[in-house]
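Working notes, structure below.
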Amino acid sequence: MATPRAAVIDVGSNSVKYFLGELDGDNTLTTISDQNDIARLGEGLRETGALSPEAMERNASAITRFAKDAKANGASIVKCVGTMALRNASNSAEFVQRVKEEAAIDLTVIPGEEEARLSSLAVLSGLSDIARGNVIVFDTGGGSTEFVYGTNGEITRRFSIDLGAIAITERFFKIDPPPRSSPIMSLMEINEILSKGEVTYMPAKIVGIGGTVTTMGAVKHQMTQYNPNIIQGSTLDMADIDNQIVDYSLKTLEERKQITGLQPRRADVILAGACIVKGILTCLNASEFTISDRGLRHGLAYELLTGGNLK
């Protein structure tokens with residue numbers, strides 16, 4: 001009898017992430033495939049309130065491709081979930097129907113708290129030593145940032161804030177290269193949003209997940225080829241973050257695309273993402289955080305394979 005495999009397609013504001021995995025003998029999640037397509041579903045959403053036809057076309061194509069790969073590689077369970085962009089867009093239902101027709105898969109839009117819970121599950125299952133004591137997990141993406149506060153593996157608080165790299169980029173970093181005042185102005189707004197979102201200090205270990213922090217880790221380690229084993233459990237401190245913000249802000253978009261470790265298609269939003277990370281650490285009175293390579297897709301796949309259900 002073949003080992004069951006689960007596939008998860010995570011449709012975010014900035015990218016579509018795809019994970020295919022199975023459990024080994026000791027219930028550890030093993031990766032068969034882990035890919036992403038920076039398809040920008042949330043592009044322009046801040047201004048119009050709706051998903052653009054071009055964004056829907058790009059993302060439906062990516063989802064269809066990943067769904068076909070999952071079925072071709074023996075996935076017995078395939079789940080597709082959407083997050084911030086689809087929670088906010090006025091025409092989300094149109095896109096959900098399009099995905100059903102083109103990819104032959106149901107796309108479920110999950111609430112921010114569920115997104116945070118699944119991300120936390122992935123982190124704690126992958127960094128068991130971190131789970132002891134107080135832990136704060138943050139996941140900053142293209143359209144939102146999720147926070148989970150926990151103690152000894154038990155979640156005490158989870159919430160989502162409308163703060164993402166796409167909106168901050170569109171507001172502060174559209175000029176290429178950006179004005180010198182742009183990072184400072186963006187940090188003022190980021191700090192205000194975090195404060196209004198009640199991101200409060202707690203003595204804790206801090207863990208960051210998502211494409212922004214893993215990319216910043218890859219840049220720190222100057223990775224010509226991304227290696228999740230190096231990223232998982234590594235750290236970024238405030239000096240690393242400040243150095244990257246300065247480097248990104250002094251370069252044009254084309255120059256940023258040449259930075260070792262930085263995916264060229266992420267080059268336009270990485271400065272905003274780095275500023276958000278700095279704002280989070282400042283708000284949490286922390287000088288560094290641990291990077292987890294795992295995310296929502298890993299948490300949901302693990303839950304599906306161990307008998308859990310999408311809530």
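Within each chain, counting starts at residue 1; across the structure tokens, chains are named A, B, ... in the order shown, with ligands numbered 1 upward in that order.
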Could you name the residues that touch Cys80 in chain A at 7 Å or less, counting only C-alpha atoms, but leaving out those on the same chain fewer than 5 positions away, as a ChimeraX atom specification? /A:8-10,106-108
Could you tell me, as a CSV table (one decimal) with N, CA and C atoms, in the first residue's frame, which residues of range 170-285 of chain A DSSP assigns to alpha helix (DSSP H) when given the backbone?
chain,number,residue,atom,x,y,z
A,170,GLU,N,3.7,49.8,-2.8
A,170,GLU,CA,3.0,50.7,-3.7
A,170,GLU,C,2.8,52.1,-3.1
A,171,ARG,N,2.9,52.2,-1.8
A,171,ARG,CA,2.8,53.5,-1.1
A,171,ARG,C,4.1,54.2,-1.0
A,172,PHE,N,5.2,53.5,-0.7
A,172,PHE,CA,6.4,54.2,-0.4
A,172,PHE,C,7.6,54.0,-1.4
A,182,SER,N,12.2,57.5,2.1
A,182,SER,CA,11.2,56.5,2.0
A,182,SER,C,11.2,55.4,3.1
A,183,PRO,N,12.4,54.8,3.4
A,183,PRO,CA,12.4,53.8,4.4
A,183,PRO,C,11.9,54.4,5.8
A,184,ILE,N,12.4,55.6,6.1
A,184,ILE,CA,12.0,56.2,7.3
A,184,ILE,C,10.5,56.4,7.4
A,185,MET,N,9.9,57.0,6.3
A,185,MET,CA,8.5,57.2,6.2
A,185,MET,C,7.7,55.9,6.3
A,186,SER,N,8.2,54.9,5.6
A,186,SER,CA,7.5,53.6,5.7
A,186,SER,C,7.5,53.0,7.1
A,187,LEU,N,8.6,53.1,7.8
A,187,LEU,CA,8.7,52.6,9.1
A,187,LEU,C,7.7,53.3,10.1
A,188,MET,N,7.5,54.6,9.9
A,188,MET,CA,6.6,55.3,10.7
A,188,MET,C,5.2,54.8,10.5
A,189,GLU,N,4.8,54.5,9.3
A,189,GLU,CA,3.5,53.9,9.1
A,189,GLU,C,3.4,52.5,9.6
A,190,ILE,N,4.4,51.7,9.3
A,190,ILE,CA,4.5,50.3,9.8
A,190,ILE,C,4.3,50.3,11.3
A,191,ASN,N,5.1,51.1,12.0
A,191,ASN,CA,5.0,51.1,13.5
A,191,ASN,C,3.6,51.5,14.0
A,192,GLU,N,3.0,52.4,13.3
A,192,GLU,CA,1.6,52.9,13.6
A,192,GLU,C,0.6,51.7,13.4
A,193,ILE,N,0.7,51.0,12.3
A,193,ILE,CA,-0.2,49.9,12.0
A,193,ILE,C,0.0,48.8,13.1
A,194,LEU,N,1.3,48.5,13.4
A,194,LEU,CA,1.5,47.4,14.4
A,194,LEU,C,1.0,47.8,15.8
A,195,SER,N,1.1,49.1,16.1
A,195,SER,CA,0.6,49.6,17.4
A,195,SER,C,-0.9,49.5,17.5
A,196,LYS,N,-1.6,49.9,16.4
A,196,LYS,CA,-3.0,49.8,16.3
A,196,LYS,C,-3.5,48.4,16.4
A,211,GLY,N,8.1,34.2,2.8
A,211,GLY,CA,9.1,34.5,1.8
A,211,GLY,C,10.0,35.6,2.1
A,212,THR,N,9.5,36.6,2.8
A,212,THR,CA,10.4,37.8,3.1
A,212,THR,C,11.6,37.3,4.0
A,213,VAL,N,11.3,36.6,5.1
A,213,VAL,CA,12.4,36.3,6.0
A,213,VAL,C,13.3,35.2,5.4
A,214,THR,N,12.7,34.2,4.7
A,214,THR,CA,13.6,33.2,4.1
A,214,THR,C,14.5,33.8,3.0
A,215,THR,N,14.0,34.8,2.3
A,215,THR,CA,14.8,35.5,1.3
A,215,THR,C,15.9,36.3,2.0
A,216,MET,N,15.5,37.0,3.1
A,216,MET,CA,16.6,37.8,3.8
A,216,MET,C,17.6,36.8,4.3
A,217,GLY,N,17.2,35.7,4.8
A,217,GLY,CA,18.2,34.7,5.2
A,217,GLY,C,19.1,34.2,4.1
A,218,ALA,N,18.5,34.0,2.9
A,218,ALA,CA,19.3,33.6,1.7
A,218,ALA,C,20.3,34.6,1.3
A,219,VAL,N,19.9,35.9,1.4
A,219,VAL,CA,20.8,37.0,1.1
A,219,VAL,C,21.9,37.1,2.1
A,220,LYS,N,21.6,36.9,3.3
A,220,LYS,CA,22.6,37.0,4.4
A,220,LYS,C,23.7,35.9,4.1
A,228,PRO,N,17.1,25.0,2.1
A,228,PRO,CA,16.2,25.1,3.3
A,228,PRO,C,16.9,24.6,4.5
A,229,ASN,N,17.8,23.7,4.4
A,229,ASN,CA,18.5,23.1,5.6
A,229,ASN,C,19.4,24.2,6.3
A,230,ILE,N,19.9,25.1,5.5
A,230,ILE,CA,20.7,26.2,6.1
A,230,ILE,C,19.8,27.2,6.7
A,231,ILE,N,18.7,27.5,6.1
A,231,ILE,CA,17.8,28.6,6.5
A,231,ILE,C,17.1,28.2,7.8
A,238,MET,N,19.2,42.6,14.2
A,238,MET,CA,18.8,43.9,13.7
A,238,MET,C,19.9,44.5,12.8
A,239,ALA,N,21.2,44.2,13.1
A,239,ALA,CA,22.3,44.7,12.2
A,239,ALA,C,22.1,44.1,10.8
A,240,ASP,N,21.8,42.8,10.7
A,240,ASP,CA,21.5,42.2,9.4
A,240,ASP,C,20.4,42.9,8.7
A,241,ILE,N,19.3,43.2,9.4
A,241,ILE,CA,18.1,43.8,8.8
A,241,ILE,C,18.5,45.2,8.3
A,242,ASP,N,19.1,46.0,9.2
A,242,ASP,CA,19.5,47.4,8.8
A,242,ASP,C,20.4,47.4,7.6
A,243,ASN,N,21.4,46.5,7.6
A,243,ASN,CA,22.3,46.4,6.5
A,243,ASN,C,21.6,46.1,5.1
A,244,GLN,N,20.6,45.2,5.2
A,244,GLN,CA,19.8,44.9,4.0
A,244,GLN,C,18.9,46.0,3.6
A,245,ILE,N,18.3,46.7,4.5
A,245,ILE,CA,17.5,47.9,4.2
A,245,ILE,C,18.3,48.9,3.4
A,246,VAL,N,19.5,49.2,4.0
A,246,VAL,CA,20.3,50.2,3.3
A,246,VAL,C,20.7,49.8,1.9
A,247,ASP,N,21.1,48.5,1.8
A,247,ASP,CA,21.6,48.0,0.5
A,247,ASP,C,20.5,48.0,-0.5
A,248,TYR,N,19.3,47.6,-0.1
A,248,TYR,CA,18.1,47.6,-1.1
A,248,TYR,C,17.8,49.0,-1.5
A,249,SER,N,17.8,49.9,-0.5
A,249,SER,CA,17.3,51.3,-0.8
A,249,SER,C,18.2,52.1,-1.6
A,250,LEU,N,19.5,51.7,-1.7
A,250,LEU,CA,20.5,52.4,-2.5
A,250,LEU,C,20.6,51.9,-3.9
A,253,LEU,N,16.0,48.8,-9.0
A,253,LEU,CA,15.3,47.5,-9.1
A,253,LEU,C,16.2,46.5,-9.9
A,254,GLU,N,16.8,47.0,-11.0
A,254,GLU,CA,17.6,46.1,-11.8
A,254,GLU,C,18.8,45.7,-11.0
A,255,GLU,N,19.4,46.6,-10.2
A,255,GLU,CA,20.6,46.2,-9.4
A,255,GLU,C,20.2,45.2,-8.3
A,256,ARG,N,19.0,45.4,-7.7
A,256,ARG,CA,18.5,44.5,-6.7
A,256,ARG,C,18.4,43.1,-7.2
A,270,ILE,N,11.1,43.4,-1.7
A,270,ILE,CA,11.9,43.0,-0.6
A,270,ILE,C,12.3,44.2,0.4
A,271,LEU,N,12.4,45.4,-0.2
A,271,LEU,CA,12.7,46.5,0.7
A,271,LEU,C,11.5,46.8,1.7
A,272,ALA,N,10.3,46.7,1.2
A,272,ALA,CA,9.2,46.9,2.0
A,272,ALA,C,9.1,45.8,3.1
A,273,GLY,N,9.3,44.6,2.6
A,273,GLY,CA,9.3,43.4,3.5
A,273,GLY,C,10.3,43.6,4.6
A,274,ALA,N,11.5,44.0,4.3
A,274,ALA,CA,12.6,44.2,5.3
A,274,ALA,C,12.2,45.2,6.3
A,275,CYS,N,11.6,46.3,5.8
A,275,CYS,CA,11.1,47.4,6.7
A,275,CYS,C,10.0,46.9,7.7
A,276,ILE,N,9.1,46.0,7.2
A,276,ILE,CA,8.1,45.4,8.1
A,276,ILE,C,8.8,44.6,9.1
A,277,VAL,N,9.8,43.8,8.8
A,277,VAL,CA,10.5,42.9,9.7
A,277,VAL,C,11.1,43.8,10.8
A,278,LYS,N,11.8,44.9,10.4
A,278,LYS,CA,12.4,45.8,11.3
A,278,LYS,C,11.4,46.3,12.3
A,279,GLY,N,10.2,46.7,11.7
A,279,GLY,CA,9.1,47.3,12.6
A,279,GLY,C,8.6,46.3,13.6
A,280,ILE,N,8.5,45.0,13.2
A,280,ILE,CA,8.1,44.0,14.1
A,280,ILE,C,9.1,43.8,15.2
A,281,LEU,N,10.3,43.7,14.9
A,281,LEU,CA,11.3,43.5,16.0
A,281,LEU,C,11.3,44.7,16.9
A,282,THR,N,11.2,45.9,16.4
A,282,THR,CA,11.2,47.1,17.2
A,282,THR,C,10.0,47.0,18.2
A,283,CYS,N,8.9,46.7,17.6
A,283,CYS,CA,7.6,46.6,18.4
A,283,CYS,C,7.7,45.6,19.5
Show me, as JSON, numbers by chain, the residues that have an atom within 7 Å of Thr260 in chain A when counting only C-alpha atoms, minus same-chain residues fewer than 6 positions from it. {"A": [219, 222, 223, 224]}
Given the selection you just returned, output its residues as a file containing all heavy atoms, formatted as a compact mmCIF listing (two decimals), in the first residue's frame.
# COMPACT_ATOMS: atom_id res chain seq x y z
N VAL A 219 19.87 35.91 1.39
CA VAL A 219 20.77 37.03 1.06
C VAL A 219 21.91 37.09 2.07
O VAL A 219 23.08 37.28 1.70
CB VAL A 219 19.98 38.36 1.02
CG1 VAL A 219 20.93 39.54 0.92
CG2 VAL A 219 19.00 38.36 -0.16
N GLN A 222 24.28 34.53 1.23
CA GLN A 222 24.73 34.64 -0.17
C GLN A 222 24.54 33.32 -0.93
O GLN A 222 25.46 32.80 -1.55
CB GLN A 222 26.19 35.09 -0.22
CG GLN A 222 26.41 36.48 0.39
CD GLN A 222 27.83 36.98 0.21
OE1 GLN A 222 28.79 36.26 0.45
NE2 GLN A 222 27.96 38.23 -0.21
N MET A 223 23.33 32.83 -0.90
CA MET A 223 23.02 31.54 -1.53
C MET A 223 22.79 31.67 -3.03
O MET A 223 21.84 32.32 -3.46
CB MET A 223 21.77 30.93 -0.90
CG MET A 223 21.93 30.47 0.52
SD MET A 223 20.40 29.69 1.11
CE MET A 223 20.93 29.20 2.75
N THR A 224 23.62 31.05 -3.80
CA THR A 224 23.37 31.00 -5.24
C THR A 224 22.25 30.01 -5.54
O THR A 224 21.57 30.14 -6.55
CB THR A 224 24.64 30.59 -6.01
OG1 THR A 224 25.13 29.35 -5.46
CG2 THR A 224 25.73 31.65 -5.85
One decimal, Å: what's the distance from CA of Ala75 in chain A over to CA of Thr3 in chain A, could you say? 9.7 Å
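Residues within 12 Å of range 25-29 of chain A, counting only C-alpha atoms and excluding same-chain residues fewer than 3 positions away, are Thr3, Pro4, Arg5, Ala6, Ala7, Phe19, Leu20, Gly21, Glu22, Ile32, Ser33, Ala122, Ser125, Gly126, Leu127, Ser128, Arg294, Arg297, His298, Gly299, Leu300, Ala301, Tyr302, Glu303, Leu304, Leu305, Thr306 and Gly307 of chain A.
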Computed interatomic separation between CA of Gly143 in chain A and CA of Ile130 in chain A (Å):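 Atom-to-atom, CA of Gly143 in chain A and CA of Ile130 in chain A are spaced 26.8 Å apart.
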CA of Gly208 in chain A to CA of Ala55 in chain A measures 27.1 Å
DSSP strand (DSSP E) residues within range 86-252 of chain A, listed as number ranges by chain: A: 107-109, 134-140, 145-151, 154-161, 205-209, 235-237
Neighbour list for Phe95 in chain A as a list in words, cut-off 10 Å, only C-alpha atoms, skip fewer than 3 positions in-chain: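 Near neighbours after the sequence-gap exclusion: Leu51, Pro53, Ala55, Met56, Glu57, Asn59, Ala60, Leu86, Ala89, Asn91, Ser92, Arg98, Val99, Lys100, Glu101 and Leu107 of chain A.
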Could you name the residues that touch Leu124 in chain A at 12 Å or less, counting only C-alpha atoms, but leaving out those on the same chain fewer than 3 positions away, as a ChimeraX atom specification? /A:117-121,127-137,148-155,205-209,233,291-296,298-299,302
Taking only C-alpha atoms into account, which of A:His221, A:Phe159, A:Lys79, A:Asn88 comes nearest Glu114 in chain A?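 Comparing A:His221, A:Phe159, A:Lys79, A:Asn88 against Glu114 in chain A, the winner is A:Phe159.
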Which one of A:Glu146, A:Leu236, A:Asn285, A:Ser15 sits closest to Met202 in chain A if you count only C-alpha atoms? A:Asn285
Name the residues in contact with Thr48 in chain A at a cut-off of 10 Å, using only C-alpha atoms, excluding same-chain residues fewer than 4 positions from it; report them as a ChimeraX atom specification. /A:43-44,52,89-90
